[in-house]
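Have a look at the structure below before the remarks.
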Amino acid sequence: MIRVGVIGFGYWGPNLVRNFTETKDSEVVAVSDLRPERLALAATRYRGIETTDDARQLIHNPNIDAVVIATPVSAHYPLALEALQAGKHVLVEKPLTSTAEQSLRLIDEAARRRLTLMVDHTFVYTGAVRKIREQVASGALGNIYYYDSVRVNLGLFQHDVNVLWDLAAHDLSIMDYVLPYQPCAVSATGISHVPNEPENVAYLTLFFDANILAHIHVNWLAPVKVRRTLIGGTRKMIVYDDIEPSEKIKIYDKGITVSNTPEHVHEMMISYRTGDMYAPQLQTAEALLTEANHFLRCIAGEETPISGGHAGLQVVSLLEAASYSMKQRGRPVEIKSIVAAA
Ligand SMILES: NC(=O)c1ccc[n+]([C@@H]2O[C@H](COP(=O)([O-])OP(=O)(O)OC[C@H]3O[C@@H](n4cnc5c(N)ncnc54)[C@H](O)[C@@H]3O)[C@@H](O)[C@H]2O)c1
């Protein structure tokens, strides 16, 4: 039985506490938060749970084997580092840290101490995203043309990170999981509509060495909630709509065929193919429960993290490069230079 302590019982922390309580191989023994009313709520929901406003007390509690961190992003790194140094396995909310350098430091600390370090890239544990990865890997889509995602709503304005770090972190983790290519450069633009607050609308373009283009549009100031991703391939195209209750993924047998006409060899003929659409059956287990069980099996040495430190570093490196580009009105920033500089 792995004994878990959760730091941060705000909006997302309660979901982690609930899921680690539901697994058969772990129990949540303590919760830490700075706000007394959140600790009171945790104590009411989970009789017998220890509560503290001092995260260090939880981290150094000898009865705790693993620490889960669901605080604002700026607190991820110091808490995760201290937990690893105290010999605890660590699961950190997305994005893993505020800089690539911090992610590298956590990866190094976990490796030296042979501890499990994971980041909560929740979507890679959903049936929908797993199905997309399977389709891309099997070659069913053919060669990938583009990855295009929109994640907008009237969202909670965060104060310590901009909309890219909050929302695009999801898209980048999904893209990294489903595409067999990594971006070589990024360009980002964004704007803030609240004085002295981070950007609340942003557009991110990702360039690849392969002939693929990716675009991510995120916005906390949209009148409707949209969570839609298009992935175009030479053979098939996927529409992933996370708002759809059941048919989240639709696979279209649509596309084009480019050929030369026999009479005019220099003229390109584009013909259109419109075949069937189907919506595959998806695994419906709650992503966080799948992830919690996976984290416990990684601690037991039975599995290797799907969203480990390196997956976290990849997302943070892209976000860091995007922030750098945003400051220069979208000037493309090479990814390698940022990772190397970190
Ligand atoms: N995976 C997902 O889908 C998902 C969804 C939402 C949020 N998140 C992530 O979860 C994290 C928390 O987001 P949220 O929306 O729950 O924020 P929140 O502000 O609602 O909650 C954070 C809580 O952490 C507490 N806290 C801050 N510093 C602390 C410290 N040093 N010790 C103990 N408690 C501390 C705060 O009092 C607060 O209650 C962020 O990293 C965010 O990116 C992930």
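We label chains A, B, ... in the order they appear in the structure tokens, count residues from 1 in each chain, and number ligands from 1 in the order shown.
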
Give me, as a Markdown table, the closest atom pair and its distance (Å, one decimal) for every residue of chain A within a cut-off of 10 Å of ligand 1, counting only C-alpha atoms and all ligand atoms, rows sorted by chain and rising number.
| residue | atom | partner | partner_atom_place_in_ligand_line | distance |
| --- | --- | --- | --- | --- |
| A:Val6 | CA | ligand 1 | 33 (C) | 8.7 |
| A:Ile7 | CA | ligand 1 | 33 (C) | 5.1 |
| A:Gly8 | CA | ligand 1 | 24 (O) | 3.5 |
| A:Phe9 | CA | ligand 1 | 39 (O) | 4.9 |
| A:Gly10 | CA | ligand 1 | 21 (O) | 3.3 |
| A:Tyr11 | CA | ligand 1 | 16 (O) | 3.6 |
| A:Trp12 | CA | ligand 1 | 16 (O) | 3.7 |
| A:Gly13 | CA | ligand 1 | 16 (O) | 5.6 |
| A:Pro14 | CA | ligand 1 | 16 (O) | 8.2 |
| A:Asn15 | CA | ligand 1 | 16 (O) | 9.2 |
| A:Leu16 | CA | ligand 1 | 1 (N) | 9.4 |
| A:Val31 | CA | ligand 1 | 33 (C) | 8.4 |
| A:Ser32 | CA | ligand 1 | 33 (C) | 4.9 |
| A:Asp33 | CA | ligand 1 | 34 (N) | 3.3 |
| A:Leu34 | CA | ligand 1 | 37 (O) | 4.4 |
| A:Arg35 | CA | ligand 1 | 37 (O) | 4.9 |
| A:Pro36 | CA | ligand 1 | 37 (O) | 8.6 |
| A:Glu37 | CA | ligand 1 | 39 (O) | 9.0 |
| A:Arg38 | CA | ligand 1 | 39 (O) | 6.4 |
| A:Leu39 | CA | ligand 1 | 39 (O) | 8.9 |
| A:Thr52 | CA | ligand 1 | 33 (C) | 8.2 |
| A:Asp53 | CA | ligand 1 | 33 (C) | 6.0 |
| A:Asp54 | CA | ligand 1 | 32 (N) | 6.2 |
| A:Ala55 | CA | ligand 1 | 32 (N) | 4.8 |
| A:Arg56 | CA | ligand 1 | 32 (N) | 8.2 |
| A:Leu58 | CA | ligand 1 | 33 (C) | 9.5 |
| A:Ile69 | CA | ligand 1 | 11 (C) | 7.5 |
| A:Ala70 | CA | ligand 1 | 11 (C) | 4.2 |
| A:Thr71 | CA | ligand 1 | 24 (O) | 3.7 |
| A:Pro72 | CA | ligand 1 | 40 (C) | 4.5 |
| A:Val73 | CA | ligand 1 | 41 (O) | 4.5 |
| A:Ser74 | CA | ligand 1 | 41 (O) | 8.2 |
| A:Ala75 | CA | ligand 1 | 28 (N) | 6.1 |
| A:His76 | CA | ligand 1 | 41 (O) | 7.2 |
| A:Pro78 | CA | ligand 1 | 31 (N) | 8.9 |
| A:Leu79 | CA | ligand 1 | 31 (N) | 7.3 |
| A:Val92 | CA | ligand 1 | 41 (O) | 7.7 |
| A:Glu93 | CA | ligand 1 | 41 (O) | 4.7 |
| A:Lys94 | CA | ligand 1 | 43 (O) | 5.0 |
| A:Pro95 | CA | ligand 1 | 43 (O) | 6.1 |
| A:Leu96 | CA | ligand 1 | 41 (O) | 7.8 |
| A:Thr97 | CA | ligand 1 | 41 (O) | 8.8 |
| A:Val119 | CA | ligand 1 | 1 (N) | 9.0 |
| A:Asp120 | CA | ligand 1 | 1 (N) | 5.6 |
| A:His121 | CA | ligand 1 | 1 (N) | 6.0 |
| A:Thr122 | CA | ligand 1 | 1 (N) | 5.0 |
| A:Phe123 | CA | ligand 1 | 3 (O) | 7.4 |
| A:Leu156 | CA | ligand 1 | 15 (O) | 8.2 |
| A:Phe157 | CA | ligand 1 | 15 (O) | 9.8 |
| A:Gln158 | CA | ligand 1 | 19 (O) | 8.1 |
| A:His159 | CA | ligand 1 | 19 (O) | 9.3 |
| A:Asp160 | CA | ligand 1 | 40 (C) | 9.9 |
| A:Val161 | CA | ligand 1 | 43 (O) | 8.8 |
| A:Trp165 | CA | ligand 1 | 43 (O) | 7.7 |
| A:Asp166 | CA | ligand 1 | 43 (O) | 5.6 |
| A:Leu167 | CA | ligand 1 | 43 (O) | 8.2 |
| A:Ala169 | CA | ligand 1 | 43 (O) | 8.4 |
| A:His170 | CA | ligand 1 | 3 (O) | 7.5 |
| A:Ala287 | CA | ligand 1 | 3 (O) | 9.7 |
| A:Leu288 | CA | ligand 1 | 1 (N) | 8.4 |

Quiz item: Excluding same-chain residues fewer than 4 positions from region 230-238 of chain A, what lies within 7 Å of it counting only C-alpha atoms, as a list in words?
Solution: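 Everything that qualifies: Ala140, Leu141, Gly142, Asn143, Ile144, Tyr145, Tyr146, Tyr147, Asp148, Ser149, Ile249, Lys250, Ile251, Tyr252, Asp253, Lys254 and Gly255 of chain A.
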
Exercise. Mind listing the helix (DSSP H, G or I) residues of region 141-280 of chain A, per DSSP on the backbone, as a list in words?
Key: Val163, Leu164, Trp165, Asp166, Leu167, Ala168, Ala169, His170, Asp171, Leu172, Ser173, Ile174, Met175, Asp176, Tyr177 and Val178 of chain A

With C-alpha atoms kept, could you save the residues just selected as a JSON list (two decimals), in the first residue's frame?
[["chain", "number", "residue", "atom", "x", "y", "z"],
["A", 163, "VAL", "CA", -3.01, 31.11, -21.03],
["A", 164, "LEU", "CA", -0.32, 29.16, -22.91],
["A", 165, "TRP", "CA", 1.10, 27.67, -19.70],
["A", 166, "ASP", "CA", -2.40, 26.92, -18.45],
["A", 167, "LEU", "CA", -4.25, 25.59, -21.51],
["A", 168, "ALA", "CA", -1.70, 24.96, -24.30],
["A", 169, "ALA", "CA", 0.20, 22.72, -21.87],
["A", 170, "HIS", "CA", -2.60, 20.19, -22.50],
["A", 171, "ASP", "CA", -2.35, 20.45, -26.30],
["A", 172, "LEU", "CA", 1.43, 20.20, -26.28],
["A", 173, "SER", "CA", 1.34, 17.10, -24.10],
["A", 174, "ILE", "CA", -1.27, 15.49, -26.38],
["A", 175, "MET", "CA", 0.67, 16.43, -29.52],
["A", 176, "ASP", "CA", 3.90, 15.10, -28.07],
["A", 177, "TYR", "CA", 2.17, 11.82, -27.21],
["A", 178, "VAL", "CA", 0.40, 11.21, -30.53]]

Practice problem: Kindly indicate which residue among A:Ala86, A:Met269, A:Val224, A:Leu319 lies nearest to Asp65 (chain A), using only C-alpha atoms for the distances. | Solution: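 Closest residue, counting only C-alpha atoms: A:Ala86.
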
Exercise. Would you list the contacts of Ser192 (chain A) as a VMD selection string, taking every protein, DNA or RNA residue within 10 Å and counting only C-alpha atoms, but skipping same-chain residues closer than 4 positions in sequence?
Key: chain A and resid 162 to 163 196 to 202

Exercise. One decimal, Å: what's the distance from CA of Val124 (chain A) over to CA of Thr290 (chain A), could you say?
Key: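 These two atoms are separated by 10.0 Å.
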
Exercise. Enumerate the residues of region 119-214 of chain A with a DSSP assignment of strand (DSSP E), computed from the backbone, and present them as a ChimeraX atom specification.
Key: /A:119-120,144-154,185-191,201-207,213-214

Output N, CA and C atoms for every residue in that selection, as a compact mmCIF listing (two decimals), in the first residue's frame.
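Result went into result08.txt, see below:
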# COMPACT_ATOMS: atom_id res chain seq x y z
N VAL A 119 4.54 13.71 -14.30
CA VAL A 119 3.78 14.94 -14.41
C VAL A 119 2.36 14.56 -14.85
N ASP A 120 1.38 15.26 -14.30
CA ASP A 120 -0.01 14.94 -14.65
C ASP A 120 -0.38 15.56 -16.01
N ILE A 144 1.27 12.56 -41.86
CA ILE A 144 0.52 13.64 -41.20
C ILE A 144 0.78 14.97 -41.92
N TYR A 145 -0.31 15.69 -42.22
CA TYR A 145 -0.21 17.02 -42.85
C TYR A 145 -0.12 18.13 -41.80
N TYR A 146 -1.03 18.04 -40.81
CA TYR A 146 -1.11 19.13 -39.83
C TYR A 146 -1.77 18.66 -38.54
N TYR A 147 -1.56 19.47 -37.48
CA TYR A 147 -2.20 19.25 -36.17
C TYR A 147 -2.76 20.62 -35.78
N ASP A 148 -4.04 20.70 -35.56
CA ASP A 148 -4.68 22.00 -35.38
C ASP A 148 -5.64 21.93 -34.20
N SER A 149 -5.39 22.74 -33.18
CA SER A 149 -6.19 22.60 -31.97
C SER A 149 -6.73 23.92 -31.44
N VAL A 150 -7.95 23.89 -30.96
CA VAL A 150 -8.58 25.08 -30.37
C VAL A 150 -9.07 24.71 -28.96
N ARG A 151 -8.64 25.46 -27.97
CA ARG A 151 -9.04 25.19 -26.57
C ARG A 151 -9.40 26.54 -25.95
N VAL A 152 -10.66 26.91 -26.04
CA VAL A 152 -11.09 28.24 -25.59
C VAL A 152 -12.34 28.13 -24.73
N ASN A 153 -12.50 29.05 -23.81
CA ASN A 153 -13.74 29.18 -23.03
C ASN A 153 -13.64 30.44 -22.17
N LEU A 154 -14.69 30.71 -21.41
CA LEU A 154 -14.60 31.82 -20.47
C LEU A 154 -13.96 31.21 -19.23
N ALA A 185 10.90 24.41 -34.03
CA ALA A 185 10.82 25.85 -33.71
C ALA A 185 9.37 26.21 -33.39
N VAL A 186 9.21 27.29 -32.64
CA VAL A 186 7.85 27.76 -32.33
C VAL A 186 7.75 29.26 -32.54
N SER A 187 6.53 29.69 -32.84
CA SER A 187 6.26 31.12 -32.93
C SER A 187 4.97 31.34 -32.16
N ALA A 188 4.96 32.35 -31.28
CA ALA A 188 3.74 32.58 -30.49
C ALA A 188 3.42 34.06 -30.41
N THR A 189 2.13 34.34 -30.45
CA THR A 189 1.66 35.70 -30.23
C THR A 189 0.56 35.64 -29.17
N GLY A 190 0.42 36.72 -28.42
CA GLY A 190 -0.61 36.70 -27.38
C GLY A 190 -0.87 38.10 -26.89
N ILE A 191 -1.94 38.23 -26.15
CA ILE A 191 -2.31 39.56 -25.67
C ILE A 191 -3.02 39.44 -24.31
N VAL A 201 -5.16 35.52 -24.33
CA VAL A 201 -5.43 34.95 -25.66
C VAL A 201 -4.08 34.68 -26.29
N ALA A 202 -3.90 33.51 -26.90
CA ALA A 202 -2.60 33.23 -27.53
C ALA A 202 -2.75 32.27 -28.71
N TYR A 203 -1.85 32.46 -29.66
CA TYR A 203 -1.78 31.61 -30.86
C TYR A 203 -0.37 31.08 -30.95
N LEU A 204 -0.27 29.78 -31.10
CA LEU A 204 1.05 29.15 -31.10
C LEU A 204 1.20 28.32 -32.38
N THR A 205 2.26 28.59 -33.13
CA THR A 205 2.54 27.80 -34.34
C THR A 205 3.81 27.00 -34.09
N LEU A 206 3.76 25.71 -34.47
CA LEU A 206 4.94 24.86 -34.27
C LEU A 206 5.43 24.36 -35.62
N PHE A 207 6.73 24.46 -35.81
CA PHE A 207 7.36 24.04 -37.07
C PHE A 207 8.11 22.74 -36.84
N LEU A 213 2.70 21.07 -40.11
CA LEU A 213 2.57 22.33 -39.39
C LEU A 213 1.56 22.09 -38.26
N ALA A 214 1.82 22.69 -37.10
CA ALA A 214 0.86 22.57 -35.99
C ALA A 214 0.48 23.96 -35.52
